[in-house]
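Next comes final-v8.txt, with compact mmCIF, C-alpha atoms.
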```
# COMPACT_ATOMS: atom_id res chain seq x y z
CA MET A 1 0.00 0.00 0.00
CA ASP A 2 1.29 3.45 -0.96
CA THR A 3 0.91 6.79 0.67
CA ILE A 4 -0.27 9.54 -1.63
CA THR A 5 -0.29 13.31 -1.94
CA GLU A 6 -2.49 14.41 -4.78
CA PHE A 7 -3.93 17.71 -5.81
CA ARG A 8 -6.29 18.84 -8.52
CA LYS A 9 -8.20 22.02 -9.30
CA PHE A 10 -11.82 21.89 -10.41
CA SER A 11 -14.03 24.68 -11.64
CA ALA A 12 -16.85 25.40 -9.19
CA SER A 13 -19.52 24.02 -11.48
CA LEU A 14 -22.02 21.20 -11.00
CA ASP A 15 -20.36 19.50 -13.97
CA SER A 16 -17.30 19.03 -11.74
CA LEU A 17 -19.13 16.84 -9.21
CA GLU A 18 -18.67 13.60 -11.07
CA PRO A 19 -15.00 14.28 -11.99
CA ILE A 20 -14.32 15.12 -8.31
CA ARG A 21 -15.85 11.79 -7.23
CA GLU A 22 -13.82 9.95 -9.87
CA PHE A 23 -10.61 11.66 -8.75
CA LEU A 24 -11.33 10.63 -5.15
CA ALA A 25 -12.23 7.07 -6.10
CA VAL A 26 -8.94 6.61 -7.96
CA SER A 27 -7.00 8.07 -5.02
CA ALA A 28 -8.88 5.91 -2.50
CA GLN A 29 -8.16 2.80 -4.51
CA LYS A 30 -4.41 3.57 -4.38
CA VAL A 31 -4.49 3.46 -0.60
CA GLY A 32 -6.67 0.35 -0.43
CA LEU A 33 -9.89 1.89 0.84
CA ASP A 34 -12.72 -0.57 0.26
CA LYS A 35 -15.58 0.07 -2.14
CA SER A 36 -18.19 0.83 0.49
CA ARG A 37 -16.06 3.37 2.38
CA THR A 38 -14.92 4.93 -0.89
CA TYR A 39 -18.57 5.49 -1.81
CA LYS A 40 -19.20 7.12 1.56
CA LEU A 41 -16.18 9.40 1.22
CA CYS A 42 -17.29 10.41 -2.29
CA LEU A 43 -20.80 11.07 -1.01
CA ALA A 44 -19.57 13.22 1.89
CA VAL A 45 -17.29 15.29 -0.34
CA ASP A 46 -19.98 15.59 -3.03
CA GLU A 47 -22.41 17.14 -0.54
CA ILE A 48 -19.97 19.82 0.60
CA ALA A 49 -18.71 20.51 -2.93
CA THR A 50 -22.34 20.97 -4.00
CA ASN A 51 -22.84 23.54 -1.22
CA ILE A 52 -19.70 25.40 -2.24
CA ILE A 53 -20.88 25.55 -5.87
CA ASN A 54 -24.59 26.24 -5.27
CA TYR A 55 -24.34 28.59 -2.31
CA GLY A 56 -20.75 29.56 -1.51
CA TYR A 57 -19.62 30.99 -4.81
CA LEU A 58 -23.10 31.99 -5.92
CA ASN A 59 -23.68 34.06 -2.75
CA SER A 60 -20.21 35.58 -3.12
CA GLY A 61 -21.01 36.71 -6.65
CA ILE A 62 -17.95 34.87 -7.96
CA ALA A 63 -18.65 33.38 -11.39
CA ASP A 64 -15.39 31.56 -12.04
CA GLY A 65 -14.75 29.97 -8.66
CA ILE A 66 -12.28 27.16 -8.12
CA ILE A 67 -12.38 24.20 -5.75
CA ASP A 68 -8.98 22.80 -4.86
CA VAL A 69 -9.08 19.14 -3.92
CA ASN A 70 -6.14 17.81 -1.89
CA VAL A 71 -5.88 14.11 -1.08
CA ILE A 72 -3.24 13.12 1.44
CA SER A 73 -2.64 9.78 3.10
CA ASP A 74 -0.31 8.26 5.63
CA TYR A 75 -0.54 4.61 6.68
CA GLU A 76 -3.28 5.29 9.19
CA LYS A 77 -5.62 7.72 7.48
CA LEU A 78 -6.79 9.32 4.26
CA THR A 79 -7.54 13.04 4.36
CA VAL A 80 -9.39 15.05 1.72
CA ILE A 81 -9.28 18.84 1.92
CA LEU A 82 -11.56 21.03 -0.18
CA GLU A 83 -10.44 24.65 -0.44
CA ASP A 84 -12.46 27.49 -1.88
CA THR A 85 -12.30 31.27 -1.80
CA ALA A 86 -16.04 31.94 -1.43
CA THR A 87 -17.58 33.75 1.54
CA PRO A 88 -16.71 32.03 4.84
CA PHE A 89 -19.23 29.28 5.50
CA ASN A 90 -18.97 26.78 8.32
CA PRO A 91 -21.16 23.74 7.57
CA LEU A 92 -20.84 22.65 11.20
CA GLU A 93 -22.88 25.68 12.25
CA THR A 94 -25.82 24.59 10.10
CA LYS A 95 -28.84 23.33 11.97
CA LEU A 96 -29.21 19.63 11.19
CA PRO A 97 -32.54 17.79 11.15
CA ALA A 98 -33.35 16.54 14.66
CA ASP A 99 -33.90 12.81 15.22
CA ASP A 100 -37.64 13.22 15.67
CA GLU A 101 -37.79 15.20 12.44
CA LEU A 102 -36.12 12.34 10.57
CA GLU A 103 -38.98 10.09 11.65
CA LEU A 104 -41.69 12.36 10.27
CA PRO A 105 -43.54 11.13 7.21
CA LEU A 106 -42.08 12.65 4.05
CA GLU A 107 -45.16 14.78 3.43
CA LYS A 108 -44.42 16.67 6.64
CA ARG A 109 -40.70 17.13 6.37
CA ALA A 110 -38.79 20.28 5.78
CA ILE A 111 -36.12 19.92 3.12
CA GLY A 112 -32.77 21.10 4.35
CA GLY A 113 -29.66 20.23 6.29
CA LEU A 114 -29.68 16.72 4.84
CA GLY A 115 -26.53 17.19 2.79
CA ILE A 116 -24.40 18.38 5.67
CA MET A 117 -25.72 15.61 7.89
CA ILE A 118 -24.78 13.09 5.20
CA ALA A 119 -21.31 14.64 4.88
CA LYS A 120 -20.62 14.36 8.61
CA GLU A 121 -21.95 10.86 9.01
CA ASN A 122 -20.14 9.28 6.10
CA VAL A 123 -16.56 9.97 7.17
CA ASP A 124 -14.75 9.29 10.45
CA ASP A 125 -14.09 12.95 11.07
CA PHE A 126 -15.17 16.19 9.46
CA LYS A 127 -13.64 19.56 10.29
CA TYR A 128 -13.91 23.07 8.96
CA ASN A 129 -11.67 26.08 9.28
CA TYR A 130 -11.16 29.38 7.54
CA GLU A 131 -7.66 30.65 7.01
CA ASN A 132 -5.77 32.81 4.52
CA GLY A 133 -9.02 33.78 2.84
CA LYS A 134 -10.00 30.16 2.22
CA ASN A 135 -12.71 27.84 3.43
CA LYS A 136 -11.18 24.48 4.26
CA ASN A 137 -13.47 21.49 4.58
CA ILE A 138 -11.47 18.54 5.88
CA PHE A 139 -12.65 14.93 5.64
CA CYS A 140 -10.78 12.11 7.33
CA VAL A 141 -11.15 8.34 6.92
CA VAL A 142 -9.28 5.81 9.04
CA LEU A 143 -7.30 3.31 6.95
CA SER A 144 -6.22 0.77 9.53
CA GLN A 145 -8.68 -1.04 11.74
CA GLY A 146 -8.51 -0.10 15.39
CA LYS A 147 -6.87 3.24 14.69
CA MET A 148 -9.97 5.35 15.18
CA GLN A 149 -7.92 8.02 16.94
CA ALA A 150 -5.90 8.52 13.74
CA CYS A 151 -8.40 11.08 12.45
CA MET B 1 -21.13 7.93 -16.36
CA SER B 2 -24.21 8.91 -18.26
CA PHE B 3 -27.46 9.70 -16.56
CA SER B 4 -30.88 8.89 -17.93
CA VAL B 5 -34.52 8.85 -16.87
CA LYS B 6 -37.27 7.08 -18.75
CA SER B 7 -40.87 7.07 -17.68
CA GLU B 8 -44.18 5.49 -18.52
CA VAL B 9 -47.60 5.21 -16.93
CA ILE B 10 -49.12 1.75 -16.82
CA ASP B 11 -52.49 1.04 -15.18
CA ASN B 12 -52.44 4.27 -13.22
CA THR B 13 -48.94 3.65 -11.91
CA ALA B 14 -46.06 5.90 -12.90
CA ILE B 15 -42.82 4.05 -13.52
CA ILE B 16 -39.55 5.92 -13.85
CA ALA B 17 -36.29 4.13 -14.59
CA VAL B 18 -33.24 6.04 -13.36
CA GLU B 19 -29.71 5.18 -14.47
CA GLY B 20 -26.31 6.56 -13.57
CA SER B 21 -25.41 9.09 -10.86
CA LEU B 22 -28.00 11.22 -9.13
CA ASP B 23 -26.25 14.33 -7.84
CA SER B 24 -27.00 18.05 -7.95
CA SER B 25 -26.15 18.22 -11.64
CA THR B 26 -28.54 15.43 -12.68
CA ALA B 27 -31.31 15.59 -10.03
CA PRO B 28 -33.17 18.42 -11.87
CA LYS B 29 -33.79 15.98 -14.76
CA LEU B 30 -35.47 13.50 -12.43
CA HIS B 31 -37.31 16.33 -10.68
CA ASP B 32 -38.73 17.52 -14.02
CA GLU B 33 -39.74 14.00 -15.00
CA VAL B 34 -41.50 13.47 -11.66
CA GLN B 35 -43.27 16.79 -11.99
CA ARG B 36 -44.36 15.96 -15.54
CA ILE B 37 -45.62 12.46 -14.76
CA ILE B 38 -47.49 13.52 -11.63
CA LEU B 39 -49.70 15.69 -13.84
CA GLN B 40 -51.20 12.40 -15.02
CA ASN B 41 -52.40 11.76 -11.46
CA PRO B 42 -50.87 8.34 -10.99
CA LYS B 43 -51.96 6.35 -7.96
CA ASP B 44 -48.46 5.15 -7.13
CA LEU B 45 -44.92 5.95 -8.26
CA VAL B 46 -42.30 3.32 -9.01
CA LEU B 47 -38.65 4.33 -9.27
CA ASN B 48 -36.58 1.61 -10.87
CA VAL B 49 -33.14 2.35 -9.43
CA GLU B 50 -31.39 -0.92 -10.15
CA LYS B 51 -28.89 0.92 -12.37
CA LEU B 52 -28.54 3.95 -10.12
CA ASN B 53 -24.97 3.82 -8.84
CA PHE B 54 -24.80 7.02 -6.79
CA MET B 55 -27.33 9.16 -4.96
CA ALA B 56 -26.61 12.36 -3.06
CA SER B 57 -29.04 14.47 -1.03
CA ALA B 58 -30.22 16.14 -4.25
CA GLY B 59 -31.74 12.75 -5.11
CA LEU B 60 -33.31 12.45 -1.67
CA ARG B 61 -34.93 15.84 -2.16
CA VAL B 62 -36.55 14.60 -5.38
CA ILE B 63 -37.95 11.60 -3.48
CA ILE B 64 -39.32 13.93 -0.79
CA PHE B 65 -40.78 16.19 -3.47
CA ALA B 66 -42.41 13.23 -5.24
CA LYS B 67 -43.92 11.91 -2.05
CA GLN B 68 -45.26 15.33 -1.09
CA LYS B 69 -46.82 15.81 -4.54
CA LEU B 70 -48.32 12.32 -4.64
CA GLY B 71 -49.97 12.67 -1.25
CA SER B 72 -49.93 10.36 1.73
CA ALA B 73 -52.24 7.73 0.20
CA ALA B 74 -49.81 7.01 -2.64
CA LYS B 75 -47.01 4.50 -2.39
CA LEU B 76 -43.50 5.20 -3.60
CA PHE B 77 -41.74 2.00 -4.64
CA LEU B 78 -37.99 1.72 -5.12
CA VAL B 79 -37.02 -1.25 -7.25
CA LYS B 80 -33.67 -2.87 -6.41
CA PRO B 81 -31.73 0.02 -4.87
CA GLN B 82 -28.03 -0.66 -4.30
CA ASP B 83 -26.91 -1.18 -0.69
CA GLN B 84 -25.25 2.24 -0.46
CA VAL B 85 -28.41 3.96 -1.62
CA VAL B 86 -30.43 2.06 1.00
CA GLU B 87 -27.89 3.07 3.64
CA THR B 88 -28.30 6.76 2.74
CA LEU B 89 -32.10 6.40 2.93
CA ARG B 90 -31.76 4.74 6.34
CA MET B 91 -29.37 7.40 7.66
CA THR B 92 -31.74 10.20 6.67
CA GLY B 93 -34.92 8.52 7.83
CA LEU B 94 -36.38 8.21 4.33
CA LEU B 95 -36.46 4.44 4.46
CA PHE B 96 -39.70 4.67 6.49
CA SER B 97 -41.42 6.44 3.63
CA VAL B 98 -40.58 4.23 0.67
CA THR B 99 -41.34 0.61 -0.16
CA ILE B 100 -38.33 -1.35 -1.38
CA VAL B 101 -39.09 -4.22 -3.75
CA ASP B 102 -37.08 -6.61 -5.93
CA GLN B 103 -39.43 -6.15 -8.84
CA TYR B 104 -42.58 -4.33 -9.79
CA PRO B 105 -45.32 -5.50 -9.91
CA GLU B 106 -44.35 -7.36 -6.75
```
Any chance you could give the structure as structure tokens?
Amino acid sequence: MDTITEFRKFSASLDSLEPIREFLAVSAQKVGLDKSRTYKLCLAVDEIATNIINYGYLNSGIADGIIDVNVISDYEKLTVILEDTATPFNPLETKLPADDELELPLEKRAIGGLGIMIAKENVDDFKYNYENGKNKNIFCVVLSQGKMQAC
Amino acid sequence: MSFSVKSEVIDNTAIIAVEGSLDSSTAPKLHDEVQRIILQNPKDLVLNVEKLNFMASAGLRVIIFAKQKLGSAAKLFLVKPQDQVVETLRMTGLLFSVTIVDQYPE
């Protein structure tokens, strides 16, 4: 198993979502992440990338935004960092659906917060910070069993 | 990966086959198809998702939209969803609101 450090720029467009997932899937395969956890990582990143494209850059009035995707691994964990220069937005401050709301019949549910909930729940750790004019959304997946503290 | 939706109404039941990846870029196509087919007042809606290999929250929102438009008496069937899609439905509580089947008619 190799360690990797990979980086690619994507335009902040919905057409980039599938290429971002493909880039992640190829990287995840290099470090031996199984199919199920690769899917979950792609799903988590897809949700946040969608927010950056649909809300972040749009609300900032930036038409030609860029999302930088960094993929870094050591033997214990795989980390994906999305960087964008849109208005600061901390997904962790978004109100998520409460448990009792998730049990409501669909006809009675509000639509919102699902994406961020999915992002958080599909990786072992999710962090956000804002530095040097950039939003950084950081996803971490443990690579070796029993190393949950690695993230 | 290409994305496609194909729909038909048979015996008052709307059947939509969805293939490929359902994310924010493709979900509007399914949304439009659902909106169009619901105008025919189907009793139930069947989504054949056997060849759906990815579904993000944008896809979940279409399912919520469909269910809200159909009304509480209607059933929403999902035919052969992949395990990961089922897991996302479970995590978000949507599994309670759909009926998963191996084929339709059952």
Quiz prompt | Using only C-alpha atoms: which of B:Met55, B:Leu78, B:Val5, B:Leu60 has the shortest distance to A:Glu18 | solution = B:Met55
Exercise. Define the interface residues of chain B facing chain A as those within 7 Å, counting all atoms listed in the file, and report them as a PyMOL selection string.
Key: chain B and resi 24-25+56-57+61+64+67-68+72+92-93+97
Just-selected residues, C-alpha atoms written as a PDB file, keeping the file's coordinate frame:
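Result saved to result00.pdb:
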```pdb
ATOM      1  CA  SER B  24     -27.000  18.050  -7.950  1.00  0.00           C
ATOM      2  CA  SER B  25     -26.150  18.220 -11.640  1.00  0.00           C
ATOM      3  CA  ALA B  56     -26.610  12.360  -3.060  1.00  0.00           C
ATOM      4  CA  SER B  57     -29.040  14.470  -1.030  1.00  0.00           C
ATOM      5  CA  ARG B  61     -34.930  15.840  -2.160  1.00  0.00           C
ATOM      6  CA  ILE B  64     -39.320  13.930  -0.790  1.00  0.00           C
ATOM      7  CA  LYS B  67     -43.920  11.910  -2.050  1.00  0.00           C
ATOM      8  CA  GLN B  68     -45.260  15.330  -1.090  1.00  0.00           C
ATOM      9  CA  SER B  72     -49.930  10.360   1.730  1.00  0.00           C
ATOM     10  CA  THR B  92     -31.740  10.200   6.670  1.00  0.00           C
ATOM     11  CA  GLY B  93     -34.920   8.520   7.830  1.00  0.00           C
ATOM     12  CA  SER B  97     -41.420   6.440   3.630  1.00  0.00           C
TER      13      SER B  97
END
```
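The closest residue to A:Val45, picked from A:Ser144, A:Gln149, A:Thr5, A:Thr79 and counting all atoms listed in the file, is A:Thr79.
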Quiz prompt | Nearest-residue call for B:Val62, choices B:Ile10, B:Leu47, B:Leu30, B:Val98, using all atoms listed in the file | solution = B:Leu30
Exercise. Show which residues sit within 9 Å of A:Thr38, as JSON, numbers by chain. Count all atoms listed in the file, and ignore same-chain residues fewer than 6 positions away.
Key: {"A": [24, 25, 28, 29]}
For the residues in the current selection, export C-alpha atoms as a short mmCIF file (atom, residue, chain, number, x, y, z; two decimals), keeping the file's coordinate frame.
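Full text of selection35.cif as output:
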```cif
data_model
loop_
_atom_site.label_atom_id
_atom_site.label_comp_id
_atom_site.auth_asym_id
_atom_site.auth_seq_id
_atom_site.Cartn_x
_atom_site.Cartn_y
_atom_site.Cartn_z
CA LEU A 24 -11.33 10.63 -5.15
CA ALA A 25 -12.23 7.07 -6.10
CA ALA A 28 -8.88 5.91 -2.50
CA GLN A 29 -8.16 2.80 -4.51
#
```
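With atom CA of A:Ala63 on one side and atom CA of A:Gly133 on the other, the separation reads 17.2 Å.
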Quiz prompt | Polymer residues at most 7 Å from B:Val49, all atoms listed in the file, same-chain spacing of 3 or more positions, as a list in words | solution = Ala17, Val18, Glu19, Leu52, Leu78, Val79, Lys80 and Pro81 of chain B
